[in-house]
4 protein chains.
Amino acid sequence: MQRINASIGFDRKLWREDIEGSKAHAAMLAAQDIISADDAAAIRGGLEAIEAEIADGRFVFKTELEDIHMNVEARLAELIGPAAGRLHTARSRNDQVATDFKLWVRNALVRLDNDLKALQGALLNQAERHASTIMPGFTHLQLAQPVTFGHHLLAYVEMLGRDRSRVADALKRSDDCPLGAAALAGSPYPIDRRNTAAALGFARPSANSIDAVSDRDFALDYLATGAILAVHLSRFAEELVLWSSDQFAFVRLSDGFTTGSSIMPQKRNPDAAELVRAKTGRIIGDLNTLLIALKGLPLAYSKDMQEDKEPVFDAEETLALALAAMTCMVADMKVNTDSMRRATDRGYVTATDLADWLVRTLGMPFREAHHVSGSLVKQAETRGVQLYDLSLDEFRAVHAAIDERVFAVLTVEASVASRTSEGGTSPARVREAVAAATTRFL
Amino acid sequence: MQRINASIGFDRKLWREDIEGSKAHAAMLAAQDIISADDAAAIRGGLEAIEAEIADGRFVFKTELEDIHMNVEARLAELIGPAAGRLHTARSRNDQVATDFKLWVRNALVRLDNDLKALQGALLNQAERHASTIMPGFTHLQLAQPVTFGHHLLAYVEMLGRDRSRVADALKRSDDCPLGAAALAGSPYPIDRRNTAAALGFARPSANSIDAVSDRDFALDYLATGAILAVHLSRFAEELVLWSSDQFAFVRLSDGFTTGSSIMPQKRNPDAAELVRAKTGRIIGDLNTLLIALKGLPLAYSKDMQEDKEPVFDAEETLALALAAMTCMVADMKVNTDSMRRATDRGYVTATDLADWLVRTLGMPFREAHHVSGSLVKQAETRGVQLYDLSLDEFRAVHAAIDERVFAVLTVEASVASRTSEGGTSPARVREAVAAATTRFL
Amino acid sequence: MQRINASIGFDRKLWREDIEGSKAHAAMLAAQDIISADDAAAIRGGLEAIEAEIADGRFVFKTELEDIHMNVEARLAELIGPAAGRLHTARSRNDQVATDFKLWVRNALVRLDNDLKALQGALLNQAERHASTIMPGFTHLQLAQPVTFGHHLLAYVEMLGRDRSRVADALKRSDDCPLGAAALAGSPYPIDRRNTAAALGFARPSANSIDAVSDRDFALDYLATGAILAVHLSRFAEELVLWSSDQFAFVRLSDGFTTGSSIMPQKRNPDAAELVRAKTGRIIGDLNTLLIALKGLPLAYSKDMQEDKEPVFDAEETLALALAAMTCMVADMKVNTDSMRRATDRGYVTATDLADWLVRTLGMPFREAHHVSGSLVKQAETRGVQLYDLSLDEFRAVHAAIDERVFAVLTVEASVASRTSEGGTSPARVREAVAAATTRFL
Amino acid sequence: MQRINASIGFDRKLWREDIEGSKAHAAMLAAQDIISADDAAAIRGGLEAIEAEIADGRFVFKTELEDIHMNVEARLAELIGPAAGRLHTARSRNDQVATDFKLWVRNALVRLDNDLKALQGALLNQAERHASTIMPGFTHLQLAQPVTFGHHLLAYVEMLGRDRSRVADALKRSDDCPLGAAALAGSPYPIDRRNTAAALGFARPSANSIDAVSDRDFALDYLATGAILAVHLSRFAEELVLWSSDQFAFVRLSDGFTTGSSIMPQKRNPDAAELVRAKTGRIIGDLNTLLIALKGLPLAYSKDMQEDKEPVFDAEETLALALAAMTCMVADMKVNTDSMRRATDRGYVTATDLADWLVRTLGMPFREAHHVSGSLVKQAETRGVQLYDLSLDEFRAVHAAIDERVFAVLTVEASVASRTSEGGTSPARVREAVAAATTRFL
């Protein structure tokens, strides 16, 4: 039973928050004359001593004391005697653990935001450097249209920006403090919940005491945010794996994030990227774990809710690791611009530009232009050449009104330069976007 | 192939958004002189005709035309001839479908908010009516402390309030318009993306064209919001199932939401509540479906993303149904106040009040008071009576300083009335909370 | 990078299997004259020394050596010198880790089967004791028909029996040995894969070397089996929580598996049952973790597959704990037979028996009998009595042909005794079923 | 309420099984003299008439009759009068729906097995044709060692073989018939459950009536089998997407399973493969849906269990479609053998063969041989040539004992031919494996 019941093996991670919460609670109890100033001082002193013991690794956690709260309280009694017994006035373990864990999650959200910002920074650096580096844009993993590498990286900056807005929303939504809800019904003592809420950095006390001890939305918000973020990272990780394959050879990851083979020197297994991709499963698994644990639970507190911490702790460690690895990989990766450029010389990636030219210059309806462009591509394909290798006569054979201005749109450079719509891939737009993103995000 | 590839079976649901998007696009093309005013007018007229045909059920959807976009475009060509071919200038199916679906999800979010508000309204009604109706509060499904039924219901009002804040966040986060991203690289035409964004009710155009066509975060936000909401509903549904059991008998659900048995007249199977509880699995399943489909997808558009719609459509229908059922069940349920009150006369639910009295009146440390209260409860249990049935002498035998004032805290009414801390269960606080919630939410 | 890449933190759990696999491989290499008998003896000796070091806790695991394989191999080199370098002939880490992990999972399946059997044993014990203990059977958590408690427990014996058949199937399906697949293409050495397969307890070598190193089906089988089992346990855990509530009071869990409250002596929070219920989320989460990690991975080995172990290890520990807790709870629980019996005196639980009597004795079509029975129940309800409290005249007023034999079917004892169909709840059938299940499962 | 409660919208799919079950039940009732032969004949006749009506599309399903059982029974009453009321003797909707759905799932398993076999057949065809077609084998999507394409395809034949063994296990595990369990307690009529079980193709009646109506393991087995299978398909689909990219160009999918672009003729978007990959999310979502719906349900039947059908129906349709698409894609795909072969001329894919040669020929310990091979590869890389382009002197400069026999192992053809271990990639082994698999699976 002790093995299934005790949570100290993982909830010790909450020690800072537990002590912080107790300090705030004791100070409020004294301010409200619920306990004496002397007792409050003794409690504060004892808690600070315990804080130092844990920080120094001198504290002995005991499984028979079950959880972090009882470990701290028992030690406090050893240190300061009966006054320790007054600390638990007007609170219960139910509001205490909700407060501790919420504080921890809120700190984790702040760290997550920093990690996301760091990855955005690394991406923006590379995006600026490669604002005009041409690569093939893909749809269905088939060559589609040329884009710039900077433009491609900025797509991830946007995704991460949305992730950060989820973090900000989660922080705002978790801004009410459970402390003072007591077991579930509130407290008969003249406590001041605004005092403790403020001391712990919350905007306000929670509005309903039953909800306060039954709610784990803040943990679900963390995990849902993490799961969507993990999906974003998995997409970039997949691209890194593809790009560092011999077939693509678009980037070379640094030694730090690949594993070699002593016999195949060219082999640079993109292990870190693969692990980031795989760990998506883990974060989604963590989200499921908590959603399912909470499904169908009657109010108020049930022991089922003790299963809230491990998935969040696991997700937090995993995301920190994944984001750090990604940030370093992005910062260190060597971009093989030749290889990227060469890859655009296949697949008639400017066929759409040709169609667009027919529309704009000759006033053709787009669907017809599309058809003319298709005929020309087929001709080029038959001859095994690119579109710009066709002669003007060959163009005119398909449509008599085509003139030599057409050649200006057939190069990938021209194609990229022409995509000047807002958010488009032209190098000027990309540089503008890097500047705007730097302002918005860094 | 057609069977696996065609999406018209489900994406026809996007018809309004598809036509709305096309109208905005055509108007902008005309405003920017990319197409003529005549063509724009013809397109607009054709689209309105199609809109009427679909609304009237006269439109024939064709599987061989694959999706809603081609079904509409093909019909437009039939109606207005070659000008139809100019509509697709400066856009592609990639930005078109992203826009359509985003518009649809945003509308669904608005509907969801309304449904949540309606359920909050029903709960607030009952909460006001039962602000002082006493029921046992449970932890671990064991009797813990008395609370009021109104207070209990307000816990759900808070949960739904957080759900609504997620909806609001999702709306804010999906406020940039993909239209104009074209296939993935942006457009070479002098389009005005701010124009179309505004016409379609978005705050701005999306900042990066590759992200615009690859992003399905708005659908994930919908599903994550839905999954957390579904967990909330499942908790309430579980309580309704418990409460309407013969063992609890706290509420009687209306005939409309139970199924009877022609031979067991007392049998009122809480089918609707059970279905709401079960459908949690479905919404979490839908969330998983899309998270997994997107995992590891390279940019930009891949056909995998066509799997984005069905889980969202399924979740939307399921949530609409579940919320409507819940709102009616709450509005119609009969509360068995006697049964609730009687259930508090077991389990020594005021033992904590006794301990708190010892602390407040006699200045005992809480942990010691806890112990004294425990001894008294054991004595009452041995005699088979409630705490308030003990004589003053019996109290004094355990602790000499106890006086007759103690009896004032031993009734469940006194217990409930004493919990006056902010967010607590005292009827005065509950009435205050109902008023505050009405202002905040309705 | 080391932090994200190193697996020694968790894969050290495979040490026994890693050494076992290496011993079998070395012996085979010697038998096939690929290495000398002397080298094989030195390797064997070294491996046994390492085995002892790890078992005794003297072995120092090094993160810089990354995984269990390199930790063991590096230590072997220290102990026996260059001969250690011959151990890796004709194998690679890819087939090595697949073999190690498969061996571990197979051992875990055997342990799981034992744990399931122990729980079945505890259930059968209680079922025998309570073969004729009457309790209300529920559907929709509403009183339905009386059953015996033994019969109810046997339902779980059946579920666990299916779980065990899944375990047996998983063992059979994982009976081919990956060793000898080498990196992915097989080996050019004259190895004897049947030799190593047999030495490690497999039925045969795997049929395809690429599949051998890419396959993690055995881990998925473990997790899928665990997830279904966890759902079974969650249903029983839910019932224990309900049954030990004050409202039901059907069972009293032992102190070992509840937590009390020092002030509410009747409070016996069913913590262990709640945790078992909650941990369902965790096992389903683990299953998702691996399914998602493997989704879309090209062959052969990818580093993503390193994410296979932690979910399985977590599930294994969780299931072992949950099954042990359940087995003890079942063995120790006190059944409140009075309370169970009393609960059947409500709800007209023999109304169906009355209808069946009408069919059998008077030859009424079932649907009509159903209707007559319903009328009588309504009458009893109106008067606030049970069916057997009605007079014969009252019965006859509804249907003239009813005679006094009807009373024989109206008691819950008669109802239960009459359900003699195969698998039915009559005490005789239940005793028969206990005997049969004992033979089938123990 | 009707909208959330009625299941006829989806459970009409069970019509054949419902009628089949009723026929068997009526025949048994007559054989046991529980109903008359005349009534049984009337019931049979009526059911056959209904069967014909539904098959012909003449039957009108009514939502107000809620489910398939009541729709059929009500129609039966219209057709044959009061005798219809005798059909429901000794059964309830609980055992009826469990039987219907189990029959349906068992039929679906048989269809699934056929579909899996068909895909194995297509793979074996291509494997035989390409038993000696050389392609690069990848690990980490990096070039590793040469293999044959046939060998690679056989890996999938093995995976599908395991899937089929799961199907077979599921069939075996679902071989007991719920019919006769009645509502939950069994029946007081002298029914013969072995009779109905046999008539419906089950091996035996279920052993416990409560389990019989509460169990949905058979549906979970279907979904778990489907989820693992879907992961297998997703891996192959990912490879098809990669292989049909311009960067790999290993295969050309047929027009039937790609979508082109009218302007980029080379564009063959592998839509079907992408959809198969994406639909993995859906099947895993379906599995979660049911696992979660069942979590924590007390026995016996709860309405939650009505949520069992839609995920299974969805999975069944999805898998049938995905398997059909895959089978056609495999049968039709054109293999670009030149491109595959050319891809092996990079990456020093025979470096391991060199190391193995050093071990076998010169008796070097493998770890040393590994090192020597590494030095030679580095030298080749520096010169920009392949290993076989180095001169013997260059080899000897690194290790003096190397002689000209070394060249025999440096070609990819020699490498592949040398991997003759059981399950290895040598063409002889592959042909052997194709023959063996044909015997095992077709």
# chains A, B, ... in the order shown; residues from 1 in each chain; ligands from 1
call {"tool": "residues_around", "arguments": {"residues": "B:Leu47", "least_positions_apart": "5", "cutoff": "9 Å", "atoms": "only C-alpha atoms", "output": "PyMOL selection string"}}
result
chain B and resi 19-20+22-23+42+52+72-73+75-76
call {"tool": "write_last_selection", "arguments": {"atoms": "C-alpha atoms", "output": "CSV table (one decimal), in the first residue's frame"}}
result
chain,number,residue,atom,x,y,z
B,19,ILE,CA,-18.7,30.8,-51.0
B,20,GLU,CA,-18.1,33.6,-48.5
B,22,SER,CA,-14.7,33.4,-52.9
B,23,LYS,CA,-16.9,36.4,-52.8
B,42,ALA,CA,-20.7,37.9,-62.7
B,52,ALA,CA,-29.3,29.7,-52.9
B,72,VAL,CA,-18.6,25.2,-56.5
B,73,GLU,CA,-16.2,26.3,-59.1
B,75,ARG,CA,-21.0,25.0,-61.1
B,76,LEU,CA,-19.9,28.6,-61.4
call {"tool": "interface_residues", "arguments": {"of": "chain D", "to": "chain B", "cutoff": "10 Å", "atoms": "only C-alpha atoms", "output": "number ranges by chain"}}
result
D: 1-5, 255-259, 269-295, 297, 302-308, 310-311, 318, 321-322, 324-325, 328-329
call {"tool": "residues_around", "arguments": {"residues": "stretch 333-338 of chain C", "least_positions_apart": "5", "cutoff": "12 Å", "atoms": "only C-alpha atoms", "output": "PyMOL selection string"}}
result
chain C and resi 122-123+125-127+129-136+148-150+240+243-244+246+248-258+270+273+325-328+343-345
call {"tool": "residues_around", "arguments": {"residues": "stretch 189-200 of chain D", "least_positions_apart": "2", "cutoff": "6 Å", "atoms": "only C-alpha atoms", "output": "MDAnalysis selection string"}}
result
chainID D and resid 24 177 187 202 204:205
call {"tool": "write_last_selection", "arguments": {"atoms": "C-alpha atoms", "output": "PDB file, in the first residue's frame"}}
result
ATOM      1  CA  ALA D  24     -31.497 -18.697 -33.685  1.00  0.00           C
ATOM      2  CA  CYS D 177     -21.883 -16.302 -27.125  1.00  0.00           C
ATOM      3  CA  SER D 187     -32.752 -16.684 -17.312  1.00  0.00           C
ATOM      4  CA  PHE D 202     -19.710 -19.615 -31.552  1.00  0.00           C
ATOM      5  CA  ARG D 204     -19.684 -22.034 -26.536  1.00  0.00           C
ATOM      6  CA  PRO D 205     -21.956 -19.815 -24.439  1.00  0.00           C
TER       7      PRO D 205
END
call {"tool": "residues_around", "arguments": {"residues": "stretch 108-111 of chain C", "least_positions_apart": "2", "cutoff": "12 Å", "atoms": "only C-alpha atoms", "output": "JSON, numbers by chain"}}
result
{"C": [13, 14, 17, 101, 102, 103, 104, 105, 106, 113, 114, 115, 116, 117, 118, 163, 164, 165, 166, 167, 168, 169, 170, 171, 172, 173, 174, 218, 219, 221, 222, 223, 225, 226, 312, 313, 314, 315, 316, 317, 319, 320, 323, 324]}
call {"tool": "write_last_selection", "arguments": {"atoms": "N, CA and C atoms", "output": "CSV table (one decimal), in the first residue's frame"}}
result
chain,number,residue,atom,x,y,z
C,13,LYS,N,18.1,-1.3,-17.0
C,13,LYS,CA,17.1,-2.3,-16.6
C,13,LYS,C,17.2,-3.6,-17.4
C,14,LEU,N,17.9,-3.5,-18.6
C,14,LEU,CA,18.0,-4.6,-19.5
C,14,LEU,C,19.3,-5.4,-19.2
C,17,GLU,N,19.3,-9.3,-19.5
C,17,GLU,CA,19.0,-9.8,-20.8
C,17,GLU,C,20.2,-9.5,-21.8
C,101,PHE,N,15.5,-6.3,-25.4
C,101,PHE,CA,14.2,-5.7,-25.0
C,101,PHE,C,13.1,-6.8,-25.2
C,102,LYS,N,13.2,-7.6,-26.2
C,102,LYS,CA,12.2,-8.6,-26.4
C,102,LYS,C,12.3,-9.6,-25.3
C,103,LEU,N,13.5,-10.0,-24.9
C,103,LEU,CA,13.6,-10.9,-23.8
C,103,LEU,C,13.0,-10.3,-22.5
C,104,TRP,N,13.2,-9.1,-22.3
C,104,TRP,CA,12.7,-8.4,-21.1
C,104,TRP,C,11.2,-8.4,-21.1
C,105,VAL,N,10.6,-8.0,-22.3
C,105,VAL,CA,9.2,-8.0,-22.4
C,105,VAL,C,8.6,-9.4,-22.2
C,106,ARG,N,9.2,-10.4,-22.7
C,106,ARG,CA,8.7,-11.7,-22.5
C,106,ARG,C,8.7,-12.1,-21.1
C,113,ASP,N,1.3,-12.6,-16.1
C,113,ASP,CA,0.4,-13.7,-16.0
C,113,ASP,C,0.3,-14.2,-14.6
C,114,ASN,N,1.4,-14.3,-13.9
C,114,ASN,CA,1.3,-14.7,-12.5
C,114,ASN,C,0.5,-13.7,-11.7
C,115,ASP,N,0.7,-12.4,-11.9
C,115,ASP,CA,-0.1,-11.5,-11.1
C,115,ASP,C,-1.6,-11.5,-11.4
C,116,LEU,N,-1.9,-11.8,-12.6
C,116,LEU,CA,-3.3,-11.9,-13.0
C,116,LEU,C,-3.9,-13.1,-12.4
C,117,LYS,N,-3.2,-14.2,-12.4
C,117,LYS,CA,-3.6,-15.5,-11.8
C,117,LYS,C,-3.8,-15.3,-10.3
C,118,ALA,N,-3.0,-14.5,-9.6
C,118,ALA,CA,-3.1,-14.3,-8.2
C,118,ALA,C,-4.4,-13.6,-7.9
C,163,ASP,N,-7.7,-11.4,-20.3
C,163,ASP,CA,-6.4,-10.7,-20.2
C,163,ASP,C,-5.2,-11.7,-20.3
C,164,ARG,N,-5.4,-12.8,-19.6
C,164,ARG,CA,-4.3,-13.8,-19.6
C,164,ARG,C,-4.2,-14.4,-21.0
C,165,SER,N,-5.3,-14.5,-21.7
C,165,SER,CA,-5.2,-15.1,-23.0
C,165,SER,C,-4.5,-14.1,-23.9
C,166,ARG,N,-4.6,-12.8,-23.7
C,166,ARG,CA,-3.9,-11.9,-24.4
C,166,ARG,C,-2.4,-12.0,-24.1
C,167,VAL,N,-2.1,-12.2,-22.9
C,167,VAL,CA,-0.7,-12.4,-22.5
C,167,VAL,C,-0.1,-13.6,-23.2
C,168,ALA,N,-0.9,-14.7,-23.2
C,168,ALA,CA,-0.4,-15.9,-23.8
C,168,ALA,C,-0.2,-15.7,-25.3
C,169,ASP,N,-1.1,-15.0,-26.0
C,169,ASP,CA,-1.0,-14.7,-27.4
C,169,ASP,C,0.3,-13.9,-27.7
C,170,ALA,N,0.5,-12.9,-26.8
C,170,ALA,CA,1.7,-12.0,-27.0
C,170,ALA,C,3.0,-12.8,-26.9
C,171,LEU,N,3.0,-13.8,-26.0
C,171,LEU,CA,4.2,-14.6,-25.8
C,171,LEU,C,4.4,-15.4,-27.1
C,172,LYS,N,3.3,-16.0,-27.6
C,172,LYS,CA,3.4,-16.8,-28.8
C,172,LYS,C,3.9,-16.0,-30.0
C,173,ARG,N,3.3,-14.8,-30.1
C,173,ARG,CA,3.6,-13.9,-31.2
C,173,ARG,C,5.1,-13.4,-31.2
C,174,SER,N,5.7,-13.3,-30.0
C,174,SER,CA,7.0,-12.8,-29.9
C,174,SER,C,8.1,-13.8,-29.8
C,218,PHE,N,6.1,-6.4,-30.3
C,218,PHE,CA,6.0,-7.1,-29.0
C,218,PHE,C,5.8,-6.1,-27.9
C,219,ALA,N,6.3,-4.9,-28.0
C,219,ALA,CA,6.1,-3.9,-27.0
C,219,ALA,C,4.7,-3.3,-27.1
C,221,ASP,N,2.1,-5.0,-28.2
C,221,ASP,CA,1.2,-6.1,-27.7
C,221,ASP,C,1.2,-6.0,-26.2
C,222,TYR,N,2.4,-5.8,-25.6
C,222,TYR,CA,2.4,-5.6,-24.1
C,222,TYR,C,1.5,-4.5,-23.6
C,223,LEU,N,1.6,-3.4,-24.3
C,223,LEU,CA,0.9,-2.1,-23.9
C,223,LEU,C,-0.6,-2.2,-24.2
C,225,THR,N,-2.3,-5.0,-24.3
C,225,THR,CA,-2.8,-5.9,-23.3
C,225,THR,C,-3.0,-5.2,-22.0
C,226,GLY,N,-2.0,-4.4,-21.6
C,226,GLY,CA,-2.0,-3.7,-20.4
C,226,GLY,C,-3.1,-2.7,-20.3
C,312,VAL,N,7.0,1.1,-21.7
C,312,VAL,CA,6.8,-0.3,-21.2
C,312,VAL,C,7.2,-0.5,-19.8
C,313,PHE,N,8.3,0.1,-19.5
C,313,PHE,CA,8.8,0.0,-18.1
C,313,PHE,C,7.8,0.6,-17.1
C,314,ASP,N,7.3,1.8,-17.5
C,314,ASP,CA,6.3,2.5,-16.6
C,314,ASP,C,5.0,1.6,-16.5
C,315,ALA,N,4.5,1.1,-17.6
C,315,ALA,CA,3.3,0.3,-17.6
C,315,ALA,C,3.6,-1.0,-16.7
C,316,GLU,N,4.7,-1.6,-16.8
C,316,GLU,CA,5.0,-2.8,-16.1
C,316,GLU,C,5.0,-2.5,-14.6
C,317,GLU,N,5.6,-1.5,-14.2
C,317,GLU,CA,5.6,-1.2,-12.7
C,317,GLU,C,4.2,-0.8,-12.3
C,319,LEU,N,1.3,-1.7,-13.5
C,319,LEU,CA,0.4,-2.9,-13.5
C,319,LEU,C,0.8,-3.8,-12.4
C,320,ALA,N,2.0,-4.0,-12.1
C,320,ALA,CA,2.4,-4.9,-11.0
C,320,ALA,C,1.9,-4.3,-9.7
C,323,LEU,N,-2.1,-4.6,-9.7
C,323,LEU,CA,-2.6,-5.9,-9.5
C,323,LEU,C,-2.3,-6.4,-8.0
C,324,ALA,N,-1.2,-6.1,-7.5
C,324,ALA,CA,-0.9,-6.5,-6.1
C,324,ALA,C,-1.9,-5.8,-5.2
call {"tool": "select_by_dssp", "arguments": {"residues": "stretch 55-233 of chain D", "states": "strand (DSSP E or B)", "output": "ChimeraX atom specification"}}
result
/D:134-139,142-148,176-177,204-205
call {"tool": "atom_distance", "arguments": {"atom1": "atom CA of A:His25", "atom2": "atom CA of A:Leu87"}}
result
7.7 Å
call {"tool": "select_by_dssp", "arguments": {"residues": "stretch 76-243 of chain B", "states": "helix (DSSP H, G or I)", "output": "PyMOL selection string"}}
result
chain B and resi 76-86+93-129+149-173+193-199+209-214+217-243
call {"tool": "write_last_selection", "arguments": {"atoms": "C-alpha atoms", "output": "compact mmCIF listing (two decimals), in the first residue's frame"}}
result
# COMPACT_ATOMS: atom_id res chain seq x y z
CA LEU B 76 -19.90 28.58 -61.35
CA ALA B 77 -18.43 27.83 -64.79
CA GLU B 78 -21.73 26.33 -65.86
CA LEU B 79 -23.57 29.40 -64.68
CA ILE B 80 -21.33 32.25 -65.85
CA GLY B 81 -18.91 30.73 -68.35
CA PRO B 82 -15.20 31.60 -68.72
CA ALA B 83 -15.23 34.44 -66.17
CA ALA B 84 -15.44 31.70 -63.57
CA GLY B 85 -11.88 30.83 -64.52
CA ARG B 86 -10.69 34.22 -63.24
CA ARG B 93 -6.76 25.29 -53.06
CA ASN B 94 -4.22 25.30 -50.25
CA ASP B 95 -5.00 28.78 -48.96
CA GLN B 96 -8.65 28.40 -49.92
CA VAL B 97 -9.28 25.32 -47.80
CA ALA B 98 -7.31 26.74 -44.88
CA THR B 99 -9.48 29.86 -45.01
CA ASP B 100 -12.75 27.96 -45.37
CA PHE B 101 -12.02 25.63 -42.52
CA LYS B 102 -10.71 28.37 -40.26
CA LEU B 103 -13.87 30.38 -40.84
CA TRP B 104 -15.94 27.32 -40.03
CA VAL B 105 -14.03 26.60 -36.82
CA ARG B 106 -14.35 30.23 -35.75
CA ASN B 107 -18.10 30.06 -36.24
CA ALA B 108 -18.15 26.81 -34.28
CA LEU B 109 -16.28 28.50 -31.46
CA VAL B 110 -18.90 31.23 -31.28
CA ARG B 111 -21.65 28.60 -31.15
CA LEU B 112 -19.76 26.69 -28.49
CA ASP B 113 -19.49 29.81 -26.37
CA ASN B 114 -23.23 30.29 -26.58
CA ASP B 115 -23.89 26.71 -25.57
CA LEU B 116 -21.53 27.00 -22.62
CA LYS B 117 -23.20 30.21 -21.54
CA ALA B 118 -26.62 28.55 -21.67
CA LEU B 119 -25.44 25.76 -19.41
CA GLN B 120 -23.92 28.28 -17.02
CA GLY B 121 -27.27 30.05 -16.98
CA ALA B 122 -29.14 26.86 -16.07
CA LEU B 123 -26.62 26.10 -13.34
CA LEU B 124 -26.83 29.62 -11.93
CA ASN B 125 -30.60 29.36 -11.80
CA GLN B 126 -30.46 26.19 -9.76
CA ALA B 127 -27.59 27.52 -7.67
CA GLU B 128 -29.62 30.54 -6.68
CA ARG B 129 -32.62 28.39 -5.84
CA PHE B 149 -26.03 22.42 -3.32
CA GLY B 150 -25.81 25.88 -4.84
CA HIS B 151 -22.15 26.04 -3.90
CA HIS B 152 -21.51 22.67 -5.49
CA LEU B 153 -23.17 23.74 -8.75
CA LEU B 154 -21.10 26.92 -8.82
CA ALA B 155 -17.97 24.80 -9.07
CA TYR B 156 -19.20 23.78 -12.53
CA VAL B 157 -19.97 27.39 -13.41
CA GLU B 158 -16.29 28.11 -12.77
CA MET B 159 -15.11 25.17 -14.86
CA LEU B 160 -17.33 26.24 -17.74
CA GLY B 161 -16.02 29.77 -17.30
CA ARG B 162 -12.51 28.49 -17.92
CA ASP B 163 -13.80 26.57 -20.93
CA ARG B 164 -15.22 29.79 -22.28
CA SER B 165 -11.94 31.56 -21.73
CA ARG B 166 -10.28 28.84 -23.81
CA VAL B 167 -12.83 29.51 -26.54
CA ALA B 168 -12.07 33.21 -26.39
CA ASP B 169 -8.34 32.54 -26.57
CA ALA B 170 -8.81 30.24 -29.53
CA LEU B 171 -10.77 32.91 -31.35
CA LYS B 172 -8.07 35.45 -30.68
CA ARG B 173 -5.32 33.10 -31.75
CA ARG B 193 -4.60 40.68 -48.16
CA ARG B 194 -5.80 43.18 -45.58
CA ASN B 195 -8.90 43.72 -47.66
CA THR B 196 -9.90 40.05 -47.75
CA ALA B 197 -8.91 39.49 -44.12
CA ALA B 198 -11.18 42.32 -43.03
CA ALA B 199 -14.01 41.24 -45.31
CA SER B 209 2.55 32.11 -46.43
CA ILE B 210 4.09 28.68 -45.78
CA ASP B 211 2.73 28.63 -42.25
CA ALA B 212 -0.63 29.82 -43.51
CA VAL B 213 -1.20 26.71 -45.63
CA SER B 214 0.48 24.24 -43.23
CA ASP B 217 -3.47 24.90 -34.87
CA PHE B 218 -6.93 26.44 -34.92
CA ALA B 219 -8.43 22.97 -35.25
CA LEU B 220 -6.19 21.61 -32.51
CA ASP B 221 -7.20 24.50 -30.25
CA TYR B 222 -10.83 23.63 -30.89
CA LEU B 223 -10.27 19.98 -30.05
CA ALA B 224 -8.10 20.59 -26.98
CA THR B 225 -10.71 23.01 -25.67
CA GLY B 226 -13.38 20.44 -26.40
CA ALA B 227 -11.48 17.62 -24.67
CA ILE B 228 -11.02 19.59 -21.45
CA LEU B 229 -14.65 20.69 -21.57
CA ALA B 230 -15.73 17.09 -22.15
CA VAL B 231 -13.81 16.04 -19.04
CA HIS B 232 -15.71 18.69 -17.08
CA LEU B 233 -19.02 17.44 -18.44
CA SER B 234 -18.06 13.86 -17.62
CA ARG B 235 -17.56 14.79 -13.98
CA PHE B 236 -20.98 16.36 -13.77
CA ALA B 237 -22.52 13.46 -15.68
CA GLU B 238 -20.97 11.01 -13.22
CA GLU B 239 -22.49 12.98 -10.37
CA LEU B 240 -25.90 12.94 -12.03
CA VAL B 241 -25.65 9.18 -12.42
CA LEU B 242 -24.69 8.79 -8.77
CA TRP B 243 -27.25 11.28 -7.52
